[in-house]
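The structure file start.pdb is reproduced below (PDB, C-alpha atoms).
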```pdb
ATOM      1  CA  MET A   1      50.312 -45.914 -12.214
ATOM      2  CA  LEU A   2      48.563 -45.987 -15.551
ATOM      3  CA  ILE A   3      47.760 -42.591 -17.046
ATOM      4  CA  SER A   4      45.554 -42.310 -20.089
ATOM      5  CA  ASN A   5      43.401 -39.682 -21.719
ATOM      6  CA  MET A   6      40.751 -42.203 -22.754
ATOM      7  CA  GLU A   7      37.740 -43.172 -20.672
ATOM      8  CA  ILE A   8      38.284 -46.854 -21.345
ATOM      9  CA  VAL A   9      41.407 -48.949 -20.945
ATOM     10  CA  PRO A  10      41.562 -51.881 -23.377
ATOM     11  CA  GLY A  11      41.651 -55.229 -21.613
ATOM     12  CA  LYS A  12      40.777 -53.792 -18.177
ATOM     13  CA  THR A  13      37.637 -52.944 -16.285
ATOM     14  CA  ILE A  14      37.041 -50.126 -13.867
ATOM     15  CA  VAL A  15      36.053 -51.578 -10.522
ATOM     16  CA  ARG A  16      35.883 -48.336  -8.570
ATOM     17  CA  HIS A  17      35.817 -44.586  -9.242
ATOM     18  CA  MET A  18      37.784 -42.530  -6.736
ATOM     19  CA  GLY A  19      36.902 -39.010  -7.886
ATOM     20  CA  MET A  20      38.923 -36.302  -9.550
ATOM     21  CA  VAL A  21      42.648 -35.753  -8.993
ATOM     22  CA  GLN A  22      44.692 -32.811 -10.178
ATOM     23  CA  GLY A  23      48.174 -31.396 -10.313
ATOM     24  CA  SER A  24      49.386 -27.945 -11.196
ATOM     25  CA  THR A  25      52.538 -25.877 -11.272
ATOM     26  CA  VAL A  26      53.477 -22.271 -12.015
ATOM     27  CA  ARG A  27      56.908 -21.656 -13.459
ATOM     28  CA  ALA A  28      58.979 -18.845 -14.875
ATOM     29  CA  LYS A  29      62.183 -18.800 -16.877
ATOM     30  CA  HIS A  30      65.168 -16.720 -15.844
ATOM     31  CA  VAL A  31      65.640 -13.280 -17.383
ATOM     32  CA  GLY A  32      68.361 -14.450 -19.792
ATOM     33  CA  ARG A  33      65.900 -16.787 -21.466
ATOM     34  CA  ASP A  34      63.320 -14.030 -21.683
ATOM     35  CA  ILE A  35      65.810 -11.724 -23.355
ATOM     36  CA  MET A  36      66.748 -14.469 -25.811
ATOM     37  CA  ALA A  37      63.060 -14.958 -26.528
ATOM     38  CA  GLY A  38      62.769 -11.240 -27.243
ATOM     39  CA  PHE A  39      65.491 -11.580 -29.888
ATOM     40  CA  LYS A  40      63.809 -14.633 -31.312
ATOM     41  CA  ASN A  41      60.656 -12.575 -31.823
ATOM     42  CA  VAL A  42      62.632 -10.680 -34.478
ATOM     43  CA  PHE A  43      64.133 -13.707 -36.224
ATOM     44  CA  GLY A  44      61.434 -16.330 -35.767
ATOM     45  CA  GLY A  45      61.926 -20.039 -35.127
ATOM     46  CA  GLU A  46      61.470 -22.371 -32.182
ATOM     47  CA  LEU A  47      61.993 -21.151 -28.621
ATOM     48  CA  LYS A  48      63.741 -24.261 -27.291
ATOM     49  CA  GLY A  49      64.123 -22.805 -23.786
ATOM     50  CA  TYR A  50      60.376 -22.327 -23.444
ATOM     51  CA  THR A  51      59.572 -25.706 -24.987
ATOM     52  CA  GLU A  52      61.826 -27.293 -22.377
ATOM     53  CA  LEU A  53      60.397 -25.221 -19.536
ATOM     54  CA  LEU A  54      56.835 -26.141 -20.402
ATOM     55  CA  SER A  55      57.528 -29.819 -20.788
ATOM     56  CA  GLU A  56      59.357 -29.867 -17.436
ATOM     57  CA  SER A  57      56.390 -28.132 -15.833
ATOM     58  CA  ARG A  58      54.029 -30.610 -17.415
ATOM     59  CA  ASP A  59      56.038 -33.525 -16.036
ATOM     60  CA  GLU A  60      55.901 -31.936 -12.599
ATOM     61  CA  ALA A  61      52.144 -31.390 -12.806
ATOM     62  CA  LEU A  62      51.698 -35.022 -13.874
ATOM     63  CA  GLN A  63      53.889 -36.092 -10.972
ATOM     64  CA  ARG A  64      51.668 -34.236  -8.510
ATOM     65  CA  LEU A  65      48.598 -35.781 -10.092
ATOM     66  CA  THR A  66      50.160 -39.224  -9.701
ATOM     67  CA  GLU A  67      51.066 -38.558  -6.054
ATOM     68  CA  GLN A  68      47.495 -37.537  -5.304
ATOM     69  CA  ALA A  69      46.118 -40.620  -7.025
ATOM     70  CA  THR A  70      48.534 -42.893  -5.148
ATOM     71  CA  ALA A  71      47.570 -41.271  -1.845
ATOM     72  CA  ILE A  72      43.913 -42.184  -2.297
ATOM     73  CA  GLY A  73      44.764 -45.719  -3.367
ATOM     74  CA  ALA A  74      43.996 -45.560  -7.089
ATOM     75  CA  ASN A  75      46.019 -47.514  -9.631
ATOM     76  CA  ALA A  76      45.137 -45.488 -12.743
ATOM     77  CA  VAL A  77      44.105 -41.994 -13.813
ATOM     78  CA  LEU A  78      41.812 -41.823 -16.814
ATOM     79  CA  ASN A  79      40.442 -39.107 -19.059
ATOM     80  CA  VAL A  80      43.384 -36.815 -18.338
ATOM     81  CA  ARG A  81      43.224 -33.239 -19.674
ATOM     82  CA  PHE A  82      45.917 -30.566 -19.843
ATOM     83  CA  SER A  83      45.371 -26.864 -19.587
ATOM     84  CA  THR A  84      47.892 -24.024 -19.905
ATOM     85  CA  SER A  85      47.408 -20.393 -19.049
ATOM     86  CA  SER A  86      49.862 -17.528 -18.993
ATOM     87  CA  ILE A  87      49.040 -15.764 -15.765
ATOM     88  CA  ALA A  88      51.729 -13.065 -15.824
ATOM     89  CA  ALA A  89      54.572 -11.869 -18.005
ATOM     90  CA  GLY A  90      57.028 -14.748 -18.297
ATOM     91  CA  ALA A  91      55.118 -17.188 -16.082
ATOM     92  CA  SER A  92      52.720 -19.941 -17.047
ATOM     93  CA  GLU A  93      50.462 -22.198 -15.108
ATOM     94  CA  ILE A  94      50.174 -25.808 -16.200
ATOM     95  CA  PHE A  95      47.192 -27.685 -14.886
ATOM     96  CA  VAL A  96      46.401 -31.345 -15.372
ATOM     97  CA  TYR A  97      43.361 -33.235 -14.110
ATOM     98  CA  GLY A  98      41.733 -36.607 -14.486
ATOM     99  CA  THR A  99      39.611 -39.297 -12.868
ATOM    100  CA  ALA A 100      41.301 -41.637 -10.412
ATOM    101  CA  VAL A 101      40.083 -45.223 -10.661
ATOM    102  CA  ILE A 102      40.931 -48.745  -9.630
ATOM    103  CA  LEU A 103      41.423 -51.026 -12.612
ATOM    104  CA  GLU A 104      41.405 -54.781 -12.781
ATOM    105  CA  ASP A 105      42.195 -57.174 -15.612
ATOM    106  CA  ALA A 106      39.022 -58.056 -17.448
TER     107      ALA A 106
ATOM    108  CA  MET B 107      65.068   8.988 -39.718
ATOM    109  CA  SER B 108      67.252   6.557 -37.739
ATOM    110  CA  GLY B 109      64.062   5.084 -36.275
ATOM    111  CA  LEU B 110      62.831   4.328 -39.783
ATOM    112  CA  LEU B 111      66.161   2.738 -40.698
ATOM    113  CA  ILE B 112      66.042   0.471 -37.658
ATOM    114  CA  PHE B 113      62.467  -0.465 -38.505
ATOM    115  CA  LEU B 114      63.385  -1.345 -42.106
ATOM    116  CA  PHE B 115      66.436  -3.278 -40.920
ATOM    117  CA  LEU B 116      64.354  -5.320 -38.456
ATOM    118  CA  LEU B 117      61.704  -5.866 -41.120
ATOM    119  CA  LEU B 118      64.240  -7.163 -43.631
ATOM    120  CA  THR B 119      66.079  -9.307 -41.063
ATOM    121  CA  GLY B 120      62.786 -10.741 -39.864
ATOM    122  CA  TYR B 121      61.625 -11.447 -43.399
ATOM    123  CA  LEU B 122      64.825 -13.174 -44.533
ATOM    124  CA  SER B 123      65.541 -15.195 -41.398
ATOM    125  CA  GLY B 124      61.863 -15.956 -40.739
ATOM    126  CA  ARG B 125      61.344 -17.199 -44.290
ATOM    127  CA  TRP B 126      64.508 -19.284 -44.191
ATOM    128  CA  LEU B 127      63.615 -20.868 -40.844
ATOM    129  CA  GLU B 128      60.050 -21.516 -41.969
ATOM    130  CA  GLN B 129      61.118 -23.217 -45.181
ATOM    131  CA  ARG B 130      63.656 -25.321 -43.314
ATOM    132  CA  HIS B 131      61.022 -26.248 -40.735
ATOM    133  CA  TYR B 132      58.511 -27.255 -43.415
ATOM    134  CA  ARG B 133      61.113 -29.448 -45.140
ATOM    135  CA  SER B 134      61.816 -31.211 -41.845
ATOM    136  CA  ILE B 135      58.087 -31.568 -41.084
ATOM    137  CA  LEU B 136      57.329 -33.101 -44.491
ATOM    138  CA  ALA B 137      60.211 -35.570 -44.275
ATOM    139  CA  ARG B 138      59.297 -36.703 -40.750
ATOM    140  CA  GLU B 139      55.596 -36.921 -41.562
ATOM    141  CA  ALA B 140      56.410 -39.246 -44.444
ATOM    142  CA  ALA B 141      58.546 -41.413 -42.151
ATOM    143  CA  LEU B 142      55.876 -41.620 -39.408
ATOM    144  CA  ARG B 143      52.842 -42.158 -41.616
ATOM    145  CA  HIS B 144      52.504 -45.801 -40.514
ATOM    146  CA  LEU B 145      51.819 -44.698 -36.919
ATOM    147  CA  LEU B 146      48.176 -43.638 -37.066
ATOM    148  CA  VAL B 147      46.966 -40.707 -35.004
ATOM    149  CA  LEU B 148      43.213 -40.758 -34.430
ATOM    150  CA  PRO B 149      40.957 -38.318 -32.587
ATOM    151  CA  VAL B 150      38.705 -41.274 -31.732
ATOM    152  CA  ARG B 151      37.650 -42.020 -28.154
ATOM    153  CA  VAL B 152      36.922 -45.721 -28.371
ATOM    154  CA  PRO B 153      39.671 -48.101 -29.518
ATOM    155  CA  ALA B 154      38.974 -50.661 -32.238
ATOM    156  CA  ASN B 155      38.532 -54.367 -31.395
ATOM    157  CA  GLU B 156      41.937 -55.292 -32.755
ATOM    158  CA  HIS B 157      43.522 -53.155 -30.028
ATOM    159  CA  SER B 158      41.404 -54.553 -27.193
ATOM    160  CA  GLN B 159      44.353 -56.190 -25.389
ATOM    161  CA  HIS B 160      46.957 -53.448 -25.905
ATOM    162  CA  ASP B 161      48.703 -51.509 -23.141
ATOM    163  CA  SER B 162      47.922 -47.792 -22.923
ATOM    164  CA  THR B 163      50.376 -44.980 -22.213
ATOM    165  CA  LEU B 164      49.890 -41.237 -22.281
ATOM    166  CA  VAL B 165      52.104 -39.585 -24.905
ATOM    167  CA  THR B 166      52.644 -35.854 -25.366
ATOM    168  CA  GLY B 167      54.433 -33.559 -27.777
ATOM    169  CA  SER B 168      54.863 -29.837 -27.466
ATOM    170  CA  VAL B 169      56.590 -26.941 -29.152
ATOM    171  CA  VAL B 170      56.872 -23.180 -28.717
ATOM    172  CA  VAL B 171      57.231 -21.317 -32.008
ATOM    173  CA  SER B 172      58.042 -17.637 -32.179
ATOM    174  CA  VAL B 173      56.841 -15.055 -34.683
ATOM    175  CA  ASP B 174      59.392 -12.972 -36.574
ATOM    176  CA  TYR B 175      59.347  -9.205 -36.948
ATOM    177  CA  PHE B 176      58.008  -9.336 -40.497
ATOM    178  CA  LYS B 177      55.058 -11.516 -39.473
ATOM    179  CA  THR B 178      54.201  -9.156 -36.616
ATOM    180  CA  VAL B 179      54.132  -6.174 -38.981
ATOM    181  CA  ALA B 180      52.269  -8.068 -41.726
ATOM    182  CA  ALA B 181      49.647  -9.182 -39.207
ATOM    183  CA  SER B 182      49.126  -5.711 -37.776
ATOM    184  CA  LEU B 183      48.584  -4.392 -41.320
ATOM    185  CA  ARG B 184      46.051  -7.182 -41.846
ATOM    186  CA  ASN B 185      44.234  -5.958 -38.752
ATOM    187  CA  VAL B 186      43.581  -2.702 -40.593
ATOM    188  CA  PHE B 187      42.204  -4.218 -43.794
ATOM    189  CA  GLY B 188      40.767  -7.445 -42.436
ATOM    190  CA  GLY B 189      40.924 -10.872 -44.034
ATOM    191  CA  ARG B 190      43.081 -13.963 -43.685
ATOM    192  CA  VAL B 191      46.236 -13.499 -41.662
ATOM    193  CA  GLY B 192      48.497 -15.827 -43.647
ATOM    194  CA  ALA B 193      51.537 -14.985 -41.521
ATOM    195  CA  TYR B 194      49.934 -16.460 -38.402
ATOM    196  CA  GLU B 195      48.208 -19.312 -40.245
ATOM    197  CA  SER B 196      51.524 -20.841 -41.261
ATOM    198  CA  LEU B 197      52.928 -20.293 -37.763
ATOM    199  CA  LEU B 198      50.099 -22.233 -36.123
ATOM    200  CA  ASP B 199      50.164 -24.905 -38.810
ATOM    201  CA  ARG B 200      53.872 -25.491 -38.196
ATOM    202  CA  ALA B 201      53.389 -25.599 -34.433
ATOM    203  CA  ARG B 202      50.506 -28.133 -34.613
ATOM    204  CA  ARG B 203      52.296 -30.419 -37.023
ATOM    205  CA  GLU B 204      55.537 -30.250 -35.043
ATOM    206  CA  ALA B 205      53.722 -31.084 -31.789
ATOM    207  CA  THR B 206      51.969 -34.010 -33.478
ATOM    208  CA  LEU B 207      55.286 -35.292 -34.804
ATOM    209  CA  ARG B 208      56.945 -35.127 -31.397
ATOM    210  CA  MET B 209      54.031 -37.039 -29.894
ATOM    211  CA  GLN B 210      54.347 -39.664 -32.648
ATOM    212  CA  GLU B 211      58.097 -39.913 -32.048
ATOM    213  CA  GLU B 212      57.492 -40.572 -28.350
ATOM    214  CA  ALA B 213      54.939 -43.241 -29.244
ATOM    215  CA  GLN B 214      57.315 -44.839 -31.719
ATOM    216  CA  GLN B 215      59.979 -45.163 -29.033
ATOM    217  CA  LEU B 216      57.452 -47.112 -26.970
ATOM    218  CA  GLY B 217      56.796 -49.321 -29.975
ATOM    219  CA  ALA B 218      53.152 -48.237 -30.169
ATOM    220  CA  ASP B 219      50.813 -49.282 -32.990
ATOM    221  CA  ILE B 220      48.404 -46.378 -32.853
ATOM    222  CA  ILE B 221      47.517 -43.222 -30.914
ATOM    223  CA  TYR B 222      43.903 -42.656 -29.864
ATOM    224  CA  ASN B 223      41.937 -39.720 -28.514
ATOM    225  CA  VAL B 224      44.312 -36.997 -29.636
ATOM    226  CA  LYS B 225      43.666 -33.541 -28.182
ATOM    227  CA  TYR B 226      45.336 -30.232 -28.882
ATOM    228  CA  GLU B 227      45.923 -27.360 -26.541
ATOM    229  CA  THR B 228      47.108 -24.004 -27.857
ATOM    230  CA  SER B 229      48.269 -21.142 -25.694
ATOM    231  CA  ARG B 230      49.994 -17.839 -26.058
ATOM    232  CA  ILE B 231      53.395 -17.293 -24.500
ATOM    233  CA  GLY B 232      55.247 -14.092 -23.878
ATOM    234  CA  GLU B 233      55.026 -10.709 -22.373
ATOM    235  CA  ASN B 234      54.349  -8.541 -25.412
ATOM    236  CA  ASP B 235      50.594  -8.800 -25.110
ATOM    237  CA  ALA B 236      50.099  -5.325 -26.485
ATOM    238  CA  LYS B 237      52.217  -5.968 -29.562
ATOM    239  CA  GLY B 238      50.342  -8.964 -30.860
ATOM    240  CA  LEU B 239      50.978 -12.662 -30.809
ATOM    241  CA  GLY B 240      54.537 -13.118 -29.515
ATOM    242  CA  SER B 241      54.817 -16.879 -29.602
ATOM    243  CA  VAL B 242      52.472 -19.819 -29.428
ATOM    244  CA  GLU B 243      52.729 -23.083 -27.613
ATOM    245  CA  VAL B 244      50.961 -26.131 -28.957
ATOM    246  CA  LEU B 245      50.615 -29.311 -26.958
ATOM    247  CA  ALA B 246      49.364 -32.516 -28.545
ATOM    248  CA  TYR B 247      48.515 -35.483 -26.358
ATOM    249  CA  GLY B 248      46.863 -38.819 -26.734
ATOM    250  CA  THR B 249      46.912 -42.426 -25.635
ATOM    251  CA  ALA B 250      49.401 -44.705 -27.360
ATOM    252  CA  LEU B 251      48.445 -48.366 -27.562
ATOM    253  CA  THR B 252      51.278 -50.878 -27.490
ATOM    254  CA  ARG B 253      51.051 -54.582 -28.191
ATOM    255  CA  PRO B 254      51.700 -56.417 -24.864
ATOM    256  CA  ALA B 255      55.211 -57.866 -24.525
ATOM    257  CA  HIS B 256      54.115 -61.521 -24.321
ATOM    258  CA  ASP B 257      52.122 -61.086 -27.537
ATOM    259  CA  ALA B 258      54.937 -59.603 -29.543
ATOM    260  CA  ALA B 259      56.833 -62.871 -29.817
ATOM    261  CA  ALA B 260      53.826 -64.743 -31.209
TER     262      ALA B 260
END
```
Full structure transcribed into structure tokens:
Amino acid sequence: MLISNMEIVPGKTIVRHMGMVQGSTVRAKHVGRDIMAGFKNVFGGELKGYTELLSESRDEALQRLTEQATAIGANAVLNVRFSTSSIAAGASEIFVYGTAVILEDA
Amino acid sequence: MSGLLIFLFLLLTGYLSGRWLEQRHYRSILAREAALRHLLVLPVRVPANEHSQHDSTLVTGSVVVSVDYFKTVAASLRNVFGGRVGAYESLLDRARREATLRMQEEAQQLGADIIYNVKYETSRIGENDAKGLGSVEVLAYGTALTRPAHDAAA
């Protein structure tokens, strides 16, 4: 499965558009991490726990997007966009969407 | 009285550790930016002709950077007088550049020549909504173009 955030793929042509596919996930970190983050807000610096959490969530959202695209028989997802929103204290939603297409070598 | 002492202690701790971490971060950013300068990052949607046979892969880089206590206080004072909030400007600048660097590092591992169509996504993390910024997450993503394997030998 090819995933790209461009509308065009060099060296390939789009033979069929299959519509939009999406994937999303909501995740929270355990309380210990949140308390650590509270301390970090005094000292500053990177919150590695949250960086990790968000990149794991993003991988999961991408995975769901890929599953959806595979299910409808696409071989690539183009023009992918990410969106993040914090919906509650300590939880974030990661949303990823794109256009599923069938690509062929030009 | 003890409340004031705690406040001053937090302010001083935040100032010293925040400044130290920021300077260290900027040193690391500048060194890595110099090392990755050959890997171009372009916010351009259409690839150039020379890359018309390359393979595309989505690459991402993200970071969550926290404020320190001094920045929070400095920014809330700024809210009274208005004007540039330098404390947050440097925070966001660091986060964007760090995210870009991580994306470039991922692309370099793939052996990419260039990254096209770079987008940024910034969001606020943390529960202290009432108290100001908390921390910010920046995500940078784009499409890395890699020379196809059979071409590389030629």
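Within the file as shown, the PyMOL selection byres ((chain A and resi 20) around 6) identifies Gly19, Val21, Gly98, Thr99 and Ala100 of chain A.
Distance check against chain B using all atoms listed in the file: of A:Arg33, A:Arg27, A:His17, A:Lys48, the minimum falls on A:Lys48.
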List every residue of chain A that has an atom at most 6 Å from any atom of chain B, and for each one report the closest atom pair and its distance in Å to one decimal, counting only C-alpha atoms, with rows sorted by chain and then by increasing residue number, as a Markdown table.
```
| residue | atom | partner | partner_atom | distance |
| --- | --- | --- | --- | --- |
| A:Ile3 | CA | B:Leu164 | CA | 5.8 |
| A:Ser4 | CA | B:Leu164 | CA | 5.0 |
| A:Asn5 | CA | B:Thr249 | CA | 5.9 |
| A:Pro10 | CA | B:Ser158 | CA | 4.7 |
| A:Gly11 | CA | B:Gln159 | CA | 4.7 |
| A:Asn41 | CA | B:Asp174 | CA | 4.9 |
| A:Val42 | CA | B:Tyr175 | CA | 4.4 |
| A:Phe43 | CA | B:Asp174 | CA | 4.8 |
| A:Gly44 | CA | B:Asp174 | CA | 4.0 |
| A:Gly45 | CA | B:Ser172 | CA | 5.4 |
| A:Glu46 | CA | B:Val171 | CA | 4.4 |
| A:Leu47 | CA | B:Val170 | CA | 5.5 |
| A:Thr51 | CA | B:Val170 | CA | 5.3 |
| A:Ala89 | CA | B:Glu233 | CA | 4.5 |
| A:Gly90 | CA | B:Gly232 | CA | 5.9 |
```
Exercise. Name the residues captured by the PyMOL selection byres ((chain A and resi 58-61) around 12) when it is applied to the shown file; answer as a PyMOL selection string.
Key: (chain A and resi 21-27+51-57+62-68+80-84+92-98) or (chain B and resi 164-168+245+247)
Quiz item: Which is closest to A:Met6 among A:Asn79, A:Ile35, A:Glu104, A:Ala88, if we use all atoms listed in the file?
Solution: A:Asn79
Practice problem: Write out as a PyMOL selection string which residues come within 10 Å of B:Gln214 when counting all atoms listed in the file, dropping same-chain ones fewer than 6 positions away. | Solution: chain B and resi 142+145+208+220-221+250+252
Convert the current residue selection to file output with C-alpha atoms, as a compact mmCIF listing (two decimals), keeping the file's coordinate frame.
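Result went into selection18.txt, see below:
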```txt
# COMPACT_ATOMS: atom_id res chain seq x y z
CA LEU B 142 55.88 -41.62 -39.41
CA LEU B 145 51.82 -44.70 -36.92
CA ARG B 208 56.94 -35.13 -31.40
CA ILE B 220 48.40 -46.38 -32.85
CA ILE B 221 47.52 -43.22 -30.91
CA ALA B 250 49.40 -44.70 -27.36
CA THR B 252 51.28 -50.88 -27.49
```
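Atom CA of A:Tyr50 is found 17.8 Å from atom CA of B:Arg203.
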Exercise. Given the file shown, determine the residues that the PyMOL selection byres ((chain A and resi 103) around 9) selects; report them as an MDAnalysis selection string.
Key: chainID A and resid 9 12:16 74:76 101:102 104:106
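Picture a line from atom CA of B:Tyr132 to atom CA of B:Met209; it runs 17.3 Å.
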Would you compute the box with edges along x, y and z of the file around stretch 203-212 of chain B, including every atom the file lists for it and 6 Å extra on each side, and give its centre and edge lengths in Å to one decimal, as lines of an AutoDock Vina configuration file?
```
center_x = 55.0
center_y = -35.4
center_z = -32.7
size_x = 18.1
size_y = 22.3
size_z = 20.7
```
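In this structure, atom CA of B:Gly109 sits 22.8 Å away from atom CA of B:Asn185.
If you measure from each of A:Ala91, A:Gly32, A:Gly49, A:Gly73 to A:Met1 using all atoms listed in the file, the closest one turns out to be A:Gly73.
Nearest to B:Ala218 of all the residues B:Glu204, B:Gly189, B:Val147, B:Leu183 is B:Val147, counting all atoms listed in the file.
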Self-check item: Distance query B:Arg138 at most 9 Å, only C-alpha atoms, self and fewer than 5 positions along chain excluded, as a PyMOL selection string
Solution: chain B and resi 133+143+207
What would the file be for stretch 16-40 of chain A if you keep N, CA and C atoms and write it as a PDB file, in the first residue's frame?
```pdb
ATOM      1  N   ARG A  16      -8.199   4.577 -11.290  1.00  0.00           N
ATOM      2  CA  ARG A  16      -9.540   4.645 -10.713  1.00  0.00           C
ATOM      3  C   ARG A  16      -9.539   5.306  -9.352  1.00  0.00           C
ATOM      4  N   HIS A  17     -10.503   6.182  -9.100  1.00  0.00           N
ATOM      5  CA  HIS A  17     -10.696   6.774  -7.772  1.00  0.00           C
ATOM      6  C   HIS A  17     -11.706   5.937  -6.996  1.00  0.00           C
ATOM      7  N   MET A  18     -11.399   5.657  -5.741  1.00  0.00           N
ATOM      8  CA  MET A  18     -12.283   4.794  -4.956  1.00  0.00           C
ATOM      9  C   MET A  18     -12.978   5.544  -3.825  1.00  0.00           C
ATOM     10  N   GLY A  19     -12.813   6.845  -3.754  1.00  0.00           N
ATOM     11  CA  GLY A  19     -13.448   7.623  -2.692  1.00  0.00           C
ATOM     12  C   GLY A  19     -12.549   7.810  -1.492  1.00  0.00           C
ATOM     13  N   MET A  20     -13.102   8.453  -0.463  1.00  0.00           N
ATOM     14  CA  MET A  20     -12.297   8.803   0.695  1.00  0.00           C
ATOM     15  C   MET A  20     -12.200   7.640   1.683  1.00  0.00           C
ATOM     16  N   VAL A  21     -11.034   7.482   2.296  1.00  0.00           N
ATOM     17  CA  VAL A  21     -10.874   6.525   3.393  1.00  0.00           C
ATOM     18  C   VAL A  21     -10.328   7.283   4.599  1.00  0.00           C
ATOM     19  N   GLN A  22     -10.604   6.758   5.783  1.00  0.00           N
ATOM     20  CA  GLN A  22     -10.154   7.459   6.977  1.00  0.00           C
ATOM     21  C   GLN A  22      -9.801   6.483   8.083  1.00  0.00           C
ATOM     22  N   GLY A  23      -9.087   6.975   9.046  1.00  0.00           N
ATOM     23  CA  GLY A  23      -8.739   6.179  10.218  1.00  0.00           C
ATOM     24  C   GLY A  23      -8.602   7.118  11.384  1.00  0.00           C
ATOM     25  N   SER A  24      -9.072   6.708  12.556  1.00  0.00           N
ATOM     26  CA  SER A  24      -8.911   7.597  13.699  1.00  0.00           C
ATOM     27  C   SER A  24      -8.731   6.783  14.964  1.00  0.00           C
ATOM     28  N   THR A  25      -8.182   7.409  15.979  1.00  0.00           N
ATOM     29  CA  THR A  25      -7.999   6.746  17.257  1.00  0.00           C
ATOM     30  C   THR A  25      -7.993   7.790  18.369  1.00  0.00           C
ATOM     31  N   VAL A  26      -8.532   7.411  19.520  1.00  0.00           N
ATOM     32  CA  VAL A  26      -8.488   8.290  20.694  1.00  0.00           C
ATOM     33  C   VAL A  26      -7.673   7.577  21.754  1.00  0.00           C
ATOM     34  N   ARG A  27      -6.683   8.254  22.297  1.00  0.00           N
ATOM     35  CA  ARG A  27      -5.823   7.605  23.275  1.00  0.00           C
ATOM     36  C   ARG A  27      -5.539   8.506  24.460  1.00  0.00           C
ATOM     37  N   ALA A  28      -5.262   7.877  25.581  1.00  0.00           N
ATOM     38  CA  ALA A  28      -4.865   8.628  26.773  1.00  0.00           C
ATOM     39  C   ALA A  28      -3.623   7.978  27.364  1.00  0.00           C
ATOM     40  N   LYS A  29      -2.867   8.742  28.101  1.00  0.00           N
ATOM     41  CA  LYS A  29      -1.682   8.215  28.767  1.00  0.00           C
ATOM     42  C   LYS A  29      -2.040   7.945  30.214  1.00  0.00           C
ATOM     43  N   HIS A  30      -1.341   6.986  30.830  1.00  0.00           N
ATOM     44  CA  HIS A  30      -1.662   6.692  32.227  1.00  0.00           C
ATOM     45  C   HIS A  30      -1.269   7.857  33.147  1.00  0.00           C
ATOM     46  N   VAL A  31      -1.877   7.845  34.333  1.00  0.00           N
ATOM     47  CA  VAL A  31      -1.768   8.985  35.253  1.00  0.00           C
ATOM     48  C   VAL A  31      -0.309   9.358  35.554  1.00  0.00           C
ATOM     49  N   GLY A  32       0.551   8.342  35.683  1.00  0.00           N
ATOM     50  CA  GLY A  32       1.959   8.606  35.990  1.00  0.00           C
ATOM     51  C   GLY A  32       2.579   9.558  34.990  1.00  0.00           C
ATOM     52  N   ARG A  33       2.291   9.301  33.707  1.00  0.00           N
ATOM     53  CA  ARG A  33       2.798  10.167  32.646  1.00  0.00           C
ATOM     54  C   ARG A  33       2.249  11.582  32.774  1.00  0.00           C
ATOM     55  N   ASP A  34       0.968  11.670  33.139  1.00  0.00           N
ATOM     56  CA  ASP A  34       0.352  12.984  33.268  1.00  0.00           C
ATOM     57  C   ASP A  34       0.983  13.768  34.406  1.00  0.00           C
ATOM     58  N   ILE A  35       1.307  13.045  35.497  1.00  0.00           N
ATOM     59  CA  ILE A  35       1.940  13.729  36.620  1.00  0.00           C
ATOM     60  C   ILE A  35       3.338  14.201  36.231  1.00  0.00           C
ATOM     61  N   MET A  36       4.065  13.336  35.523  1.00  0.00           N
ATOM     62  CA  MET A  36       5.388  13.718  35.023  1.00  0.00           C
ATOM     63  C   MET A  36       5.297  14.958  34.133  1.00  0.00           C
ATOM     64  N   ALA A  37       4.254  14.974  33.295  1.00  0.00           N
ATOM     65  CA  ALA A  37       4.075  16.111  32.395  1.00  0.00           C
ATOM     66  C   ALA A  37       3.818  17.382  33.191  1.00  0.00           C
ATOM     67  N   GLY A  38       3.094  17.246  34.305  1.00  0.00           N
ATOM     68  CA  GLY A  38       2.840  18.386  35.173  1.00  0.00           C
ATOM     69  C   GLY A  38       4.139  18.958  35.717  1.00  0.00           C
ATOM     70  N   PHE A  39       5.066  18.072  36.107  1.00  0.00           N
ATOM     71  CA  PHE A  39       6.382  18.530  36.572  1.00  0.00           C
ATOM     72  C   PHE A  39       7.140  19.222  35.458  1.00  0.00           C
ATOM     73  N   LYS A  40       7.061  18.608  34.280  1.00  0.00           N
ATOM     74  CA  LYS A  40       7.777  19.162  33.132  1.00  0.00           C
ATOM     75  C   LYS A  40       7.317  20.578  32.807  1.00  0.00           C
TER      76      LYS A  40
END
```
